[in-house]
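Below: one structure, written as structure tokens.
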Amino acid sequence: MTITHADYATVGTPIGPFTILVDADGAVLASGWTADATGLAGLVHASLRPAELRQRDSLGEVTRAVIDYHAGDLAVIDAVPVRQQSGEFLTHAWEILRKVPAGEPVTYTEFAGLAGRPAATRAAANACARNAAALFVPCHRVLRIGGALGGFRWGLEAKRWLLTHEA
């Protein structure tokens, strides 16, 4: 699939600016708590990476979902389409992450089991680290054994806020 351009918009949130890149179909290619759309585009798999970025004031329903999520409608992000590409395990793991309910975080070990590879804890952690579509693929819902936050591309304070917001 060749993506010639992506539209993006930045929304203010309690954690800071949140930018979303979407393809022509409105599927999220990348997102995160940053105002740097070019940096986000760099997270997109090379086969999906857009050649051009076009700034918009709003991305319609996708922007509304971000606003509504931060205002307390935790399930609104579940219906937003996401397009990510990688190997079979990572793609499957990202689909599984979208099924982890808000307020019910899992450990990396539990996430590996849910993804069908219970011994692949490092691969599960890698799926979180390589996730370009933060929030919509909620890697923030995965914790270390014992409840430690672990890593998060957008910072541990953001991860803590999200988990508290969803609790």
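Residues in the structure tokens are named by chain (A, B, ... in the order shown) and by number from 1 within that chain; ligands are numbered from 1 in the order shown.
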Nearby residues (only C-alpha atoms) at most 9 Å from Thr19 (chain A), same-chain spacing under 4 positions excluded, as a PyMOL selection string: chain A and resi 8-12+30-37+40
For the residues in the current selection, export all heavy atoms as a tab-separated table (two decimals), in the first residue's frame.
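Contents of the output file again-v7.tsv:
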chain	number	residue	atom	x	y	z
A	8	TYR	N	-2.82	15.56	9.49
A	8	TYR	CA	-2.57	15.51	10.93
A	8	TYR	C	-3.19	16.72	11.61
A	8	TYR	O	-3.43	17.75	11.00
A	8	TYR	CB	-1.08	15.41	11.24
A	8	TYR	CG	-0.28	16.70	11.07
A	8	TYR	CD1	-0.08	17.56	12.14
A	8	TYR	CD2	0.28	17.03	9.85
A	8	TYR	CE1	0.65	18.72	11.99
A	8	TYR	CE2	1.02	18.17	9.68
A	8	TYR	CZ	1.20	19.03	10.76
A	8	TYR	OH	1.93	20.18	10.62
A	9	ALA	N	-3.49	16.51	12.88
A	9	ALA	CA	-4.01	17.58	13.73
A	9	ALA	C	-3.46	17.37	15.13
A	9	ALA	O	-3.16	16.25	15.53
A	9	ALA	CB	-5.54	17.57	13.75
A	10	THR	N	-3.33	18.47	15.85
A	10	THR	CA	-2.85	18.44	17.23
A	10	THR	C	-3.95	18.97	18.13
A	10	THR	O	-4.57	20.00	17.82
A	10	THR	CB	-1.57	19.26	17.38
A	10	THR	OG1	-0.58	18.74	16.48
A	10	THR	CG2	-1.03	19.20	18.80
A	11	VAL	N	-4.18	18.26	19.22
A	11	VAL	CA	-5.23	18.59	20.18
A	11	VAL	C	-4.58	18.82	21.55
A	11	VAL	O	-3.69	18.06	21.94
A	11	VAL	CB	-6.22	17.40	20.30
A	11	VAL	CG1	-7.31	17.69	21.32
A	11	VAL	CG2	-6.80	17.03	18.97
A	12	GLY	N	-5.03	19.82	22.26
A	12	GLY	CA	-4.56	20.01	23.63
A	12	GLY	C	-5.23	19.00	24.56
A	12	GLY	O	-6.42	18.75	24.44
A	30	ALA	N	-0.23	7.05	13.13
A	30	ALA	CA	0.62	7.32	14.29
A	30	ALA	C	-0.05	8.37	15.15
A	30	ALA	O	-0.83	9.19	14.65
A	30	ALA	CB	2.01	7.79	13.86
A	31	SER	N	0.26	8.33	16.43
A	31	SER	CA	-0.29	9.31	17.36
A	31	SER	C	0.52	9.30	18.64
A	31	SER	O	1.15	8.31	18.98
A	31	SER	CB	-1.77	8.99	17.66
A	31	SER	OG	-1.91	7.66	18.13
A	32	GLY	N	0.49	10.44	19.33
A	32	GLY	CA	1.18	10.52	20.61
A	32	GLY	C	1.17	11.92	21.17
A	32	GLY	O	0.75	12.88	20.51
A	33	TRP	N	1.65	12.03	22.41
A	33	TRP	CA	1.64	13.30	23.14
A	33	TRP	C	2.85	14.12	22.74
A	33	TRP	O	3.84	14.21	23.46
A	33	TRP	CB	1.56	13.04	24.64
A	33	TRP	CG	0.22	12.54	25.02
A	33	TRP	CD1	-0.85	13.31	25.42
A	33	TRP	CD2	-0.25	11.20	25.00
A	33	TRP	NE1	-1.94	12.51	25.63
A	33	TRP	CE2	-1.60	11.20	25.38
A	33	TRP	CE3	0.35	9.98	24.68
A	33	TRP	CZ2	-2.37	10.05	25.47
A	33	TRP	CZ3	-0.40	8.83	24.75
A	33	TRP	CH2	-1.75	8.87	25.15
A	34	THR	N	2.73	14.74	21.57
A	34	THR	CA	3.76	15.57	20.99
A	34	THR	C	3.10	16.52	19.99
A	34	THR	O	2.01	16.23	19.51
A	34	THR	CB	4.84	14.72	20.27
A	34	THR	OG1	5.83	15.58	19.71
A	34	THR	CG2	4.24	13.85	19.18
A	35	ALA	N	3.77	17.59	19.66
A	35	ALA	CA	3.31	18.48	18.59
A	35	ALA	C	4.13	18.25	17.32
A	35	ALA	O	3.94	18.94	16.32
A	35	ALA	CB	3.42	19.93	19.03
A	36	ASP	N	5.03	17.27	17.33
A	36	ASP	CA	5.95	17.01	16.23
A	36	ASP	C	5.40	15.96	15.27
A	36	ASP	O	5.65	14.76	15.42
A	36	ASP	CB	7.30	16.56	16.81
A	36	ASP	CG	8.35	16.27	15.75
A	36	ASP	OD1	8.12	16.56	14.56
A	36	ASP	OD2	9.41	15.74	16.14
A	37	ALA	N	4.66	16.40	14.26
A	37	ALA	CA	4.06	15.47	13.29
A	37	ALA	C	5.13	14.76	12.47
A	37	ALA	O	4.99	13.58	12.15
A	37	ALA	CB	3.10	16.22	12.38
A	40	LEU	N	6.46	11.92	14.47
A	40	LEU	CA	5.47	10.82	14.48
A	40	LEU	C	5.52	10.04	13.17
A	40	LEU	O	5.44	8.81	13.17
A	40	LEU	CB	4.06	11.37	14.68
A	40	LEU	CG	3.59	11.60	16.10
A	40	LEU	CD1	2.19	12.19	16.09
A	40	LEU	CD2	3.64	10.35	16.92
Which polymer residues have any atom within 7 Å of an atom of Asp23 (chain A), counting only C-alpha atoms, with same-chain residues fewer than 4 positions away left out, as an mmCIF file with C-alpha atoms, in the first residue's frame?
data_model
loop_
_atom_site.group_PDB
_atom_site.id
_atom_site.type_symbol
_atom_site.label_atom_id
_atom_site.label_comp_id
_atom_site.auth_asym_id
_atom_site.auth_seq_id
_atom_site.Cartn_x
_atom_site.Cartn_y
_atom_site.Cartn_z
ATOM 1 C CA HIS A 5 0.020 11.908 2.137
ATOM 2 C CA ALA A 6 -1.331 11.927 5.659
ATOM 3 C CA ASP A 7 -3.395 14.560 7.380
ATOM 4 C CA ALA A 27 -7.176 5.289 9.824
ATOM 5 C CA VAL A 28 -4.625 6.341 12.437
ATOM 6 C CA LEU A 29 -1.061 5.770 11.254
#
Contacts of Glu88 (chain A) at 12 Å (only C-alpha atoms; same-chain gap of 4+ positions) as a ChimeraX atom specification: /A:84,92-95,115-116,123,127
For the selection just defined, write its residues with all heavy atoms to a file, as a CSV table (one decimal), in the first residue's frame.
chain,number,residue,atom,x,y,z
A,84,GLN,N,-1.4,-0.2,11.1
A,84,GLN,CA,0.0,-0.4,11.4
A,84,GLN,C,0.5,-1.7,10.7
A,84,GLN,O,-0.4,-2.5,10.4
A,84,GLN,CB,0.3,-0.6,12.9
A,84,GLN,CG,0.0,0.7,13.7
A,84,GLN,CD,0.6,0.6,15.1
A,84,GLN,OE1,1.8,0.9,15.3
A,84,GLN,NE2,-0.1,0.0,16.1
A,92,HIS,N,-0.4,-8.9,15.2
A,92,HIS,CA,-1.4,-9.6,16.1
A,92,HIS,C,-1.4,-9.0,17.5
A,92,HIS,O,-2.4,-8.8,18.1
A,92,HIS,CB,-1.0,-11.1,16.1
A,92,HIS,CG,-1.9,-11.9,17.1
A,92,HIS,ND1,-3.2,-12.1,16.9
A,92,HIS,CD2,-1.5,-12.5,18.3
A,92,HIS,CE1,-3.7,-12.8,17.9
A,92,HIS,NE2,-2.7,-13.1,18.7
A,93,ALA,N,-0.2,-8.7,18.0
A,93,ALA,CA,-0.1,-8.2,19.4
A,93,ALA,C,-0.8,-6.8,19.5
A,93,ALA,O,-1.4,-6.5,20.5
A,93,ALA,CB,1.4,-8.1,19.8
A,94,TRP,N,-0.6,-6.0,18.5
A,94,TRP,CA,-1.3,-4.7,18.5
A,94,TRP,C,-2.8,-4.9,18.5
A,94,TRP,O,-3.6,-4.1,19.1
A,94,TRP,CB,-0.9,-3.9,17.3
A,94,TRP,CG,0.6,-3.4,17.4
A,94,TRP,CD1,1.3,-3.1,18.5
A,94,TRP,CD2,1.5,-3.2,16.3
A,94,TRP,NE1,2.6,-2.8,18.2
A,94,TRP,CE2,2.7,-2.8,16.8
A,94,TRP,CE3,1.3,-3.4,14.9
A,94,TRP,CZ2,3.8,-2.5,16.0
A,94,TRP,CZ3,2.4,-3.1,14.1
A,94,TRP,CH2,3.7,-2.7,14.7
A,95,GLU,N,-3.3,-5.9,17.7
A,95,GLU,CA,-4.8,-6.2,17.7
A,95,GLU,C,-5.2,-6.6,19.1
A,95,GLU,O,-6.3,-6.2,19.6
A,95,GLU,CB,-5.1,-7.3,16.7
A,95,GLU,CG,-4.9,-6.8,15.3
A,95,GLU,CD,-5.0,-7.9,14.3
A,95,GLU,OE1,-5.4,-9.1,14.7
A,95,GLU,OE2,-4.8,-7.7,13.1
A,115,ALA,N,-1.5,-12.8,23.6
A,115,ALA,CA,-1.1,-12.8,22.2
A,115,ALA,C,-0.7,-14.2,21.7
A,115,ALA,O,-0.3,-14.3,20.6
A,115,ALA,CB,0.1,-11.8,22.1
A,116,GLY,N,-0.8,-15.2,22.6
A,116,GLY,CA,-0.6,-16.6,22.1
A,116,GLY,C,0.8,-17.0,22.2
A,116,GLY,O,1.2,-18.1,21.8
A,123,ALA,N,9.2,-10.1,23.4
A,123,ALA,CA,8.5,-9.8,22.2
A,123,ALA,C,7.2,-9.0,22.5
A,123,ALA,O,6.9,-8.0,21.7
A,123,ALA,CB,8.1,-11.1,21.4
A,127,ALA,N,6.5,-5.2,21.2
A,127,ALA,CA,5.2,-4.7,20.5
A,127,ALA,C,4.8,-3.4,21.1
A,127,ALA,O,4.3,-2.5,20.4
A,127,ALA,CB,4.1,-5.8,20.7
Give me the residues within 12 Å of Val66 (chain A) as a PyMOL selection string, counting only C-alpha atoms and dropping any in the same chain fewer than 3 places off. chain A and resi 9-15+17-20+28+31-33+58-63+69-80+134-136
Tell me, which residues of chain A carry DSSP strand (DSSP E), written as a VMD selection string? chain A and resid 5 to 13 16 to 22 28 to 32 52 to 55 106 to 107 142 to 143
What parts of region 6-165 of chain A does DSSP call alpha helix (DSSP H)? I'd like the answer as an NGL selection string. :A and (37-41 or 61-70 or 88-97 or 108-114 or 121-129 or 156-165)
Find the residues around Gly147 (chain A) up to 12 Å (only C-alpha atoms counted), leave out those fewer than 2 positions away in its own chain, and share them as a short mmCIF file (atom, residue, chain, number, x, y, z; two decimals) with N, CA and C atoms, in the first residue's frame.
data_model
loop_
_atom_site.label_atom_id
_atom_site.label_comp_id
_atom_site.auth_asym_id
_atom_site.auth_seq_id
_atom_site.Cartn_x
_atom_site.Cartn_y
_atom_site.Cartn_z
N GLU A 104 -8.22 -2.10 33.37
CA GLU A 104 -7.81 -3.48 33.66
C GLU A 104 -6.44 -3.77 33.05
N PRO A 105 -5.41 -3.03 33.49
CA PRO A 105 -4.08 -3.25 32.91
C PRO A 105 -3.59 -4.68 33.13
N VAL A 106 -2.71 -5.11 32.23
CA VAL A 106 -2.12 -6.44 32.30
C VAL A 106 -0.61 -6.30 32.39
N THR A 107 0.05 -7.37 32.83
CA THR A 107 1.51 -7.36 32.84
C THR A 107 2.03 -7.75 31.46
N TYR A 108 3.31 -7.51 31.23
CA TYR A 108 3.91 -7.93 29.97
C TYR A 108 3.77 -9.45 29.79
N THR A 109 3.91 -10.19 30.88
CA THR A 109 3.77 -11.65 30.81
C THR A 109 2.35 -12.03 30.43
N ARG A 141 -1.52 0.33 28.88
CA ARG A 141 -2.23 -0.59 29.77
C ARG A 141 -1.41 -1.84 30.10
N VAL A 142 -0.13 -1.83 29.75
CA VAL A 142 0.74 -2.97 30.05
C VAL A 142 1.79 -2.54 31.07
N LEU A 143 1.88 -3.33 32.15
CA LEU A 143 2.77 -3.01 33.28
C LEU A 143 3.77 -4.13 33.52
N ARG A 144 4.78 -3.82 34.27
CA ARG A 144 5.71 -4.85 34.73
C ARG A 144 5.05 -5.66 35.84
N ILE A 145 5.58 -6.85 36.08
CA ILE A 145 5.10 -7.67 37.20
C ILE A 145 5.26 -6.86 38.48
N LEU A 149 5.51 0.67 36.36
CA LEU A 149 5.04 1.22 35.09
C LEU A 149 5.80 0.70 33.88
N GLY A 150 7.08 0.44 34.01
CA GLY A 150 7.87 0.04 32.84
C GLY A 150 8.12 1.27 31.99
N ARG A 160 1.23 7.24 33.82
CA ARG A 160 0.57 7.27 35.14
C ARG A 160 -0.77 8.00 35.04
N LEU A 163 -3.37 5.75 33.25
CA LEU A 163 -3.83 4.64 34.08
C LEU A 163 -4.75 5.14 35.20
#
Which residue out of A:Glu52, A:Asp57, A:Glu110, A:Glu166 has the minimum interatomic distance to Thr38 (chain A) when only C-alpha atoms are used?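 Closest candidate: A:Glu52.
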I'd like the neighbourhood of Leu97 (chain A) as an MDAnalysis selection string, where a residue qualifies if any of its atoms comes within 7 Å (using only C-alpha atoms), though same-chain residues fewer than 6 positions away should be ignored. chainID A and resid 137:139
Among A:Leu90, A:Ile3, A:Ala24, A:Ala102, Arg130 (chain A) is approached most closely, using only C-alpha atoms, by A:Leu90
With distances taken over only C-alpha atoms, the candidate from A:Lys159, A:Ser47, A:Arg153, A:Gly103 nearest Ser86 (chain A) is A:Ser47
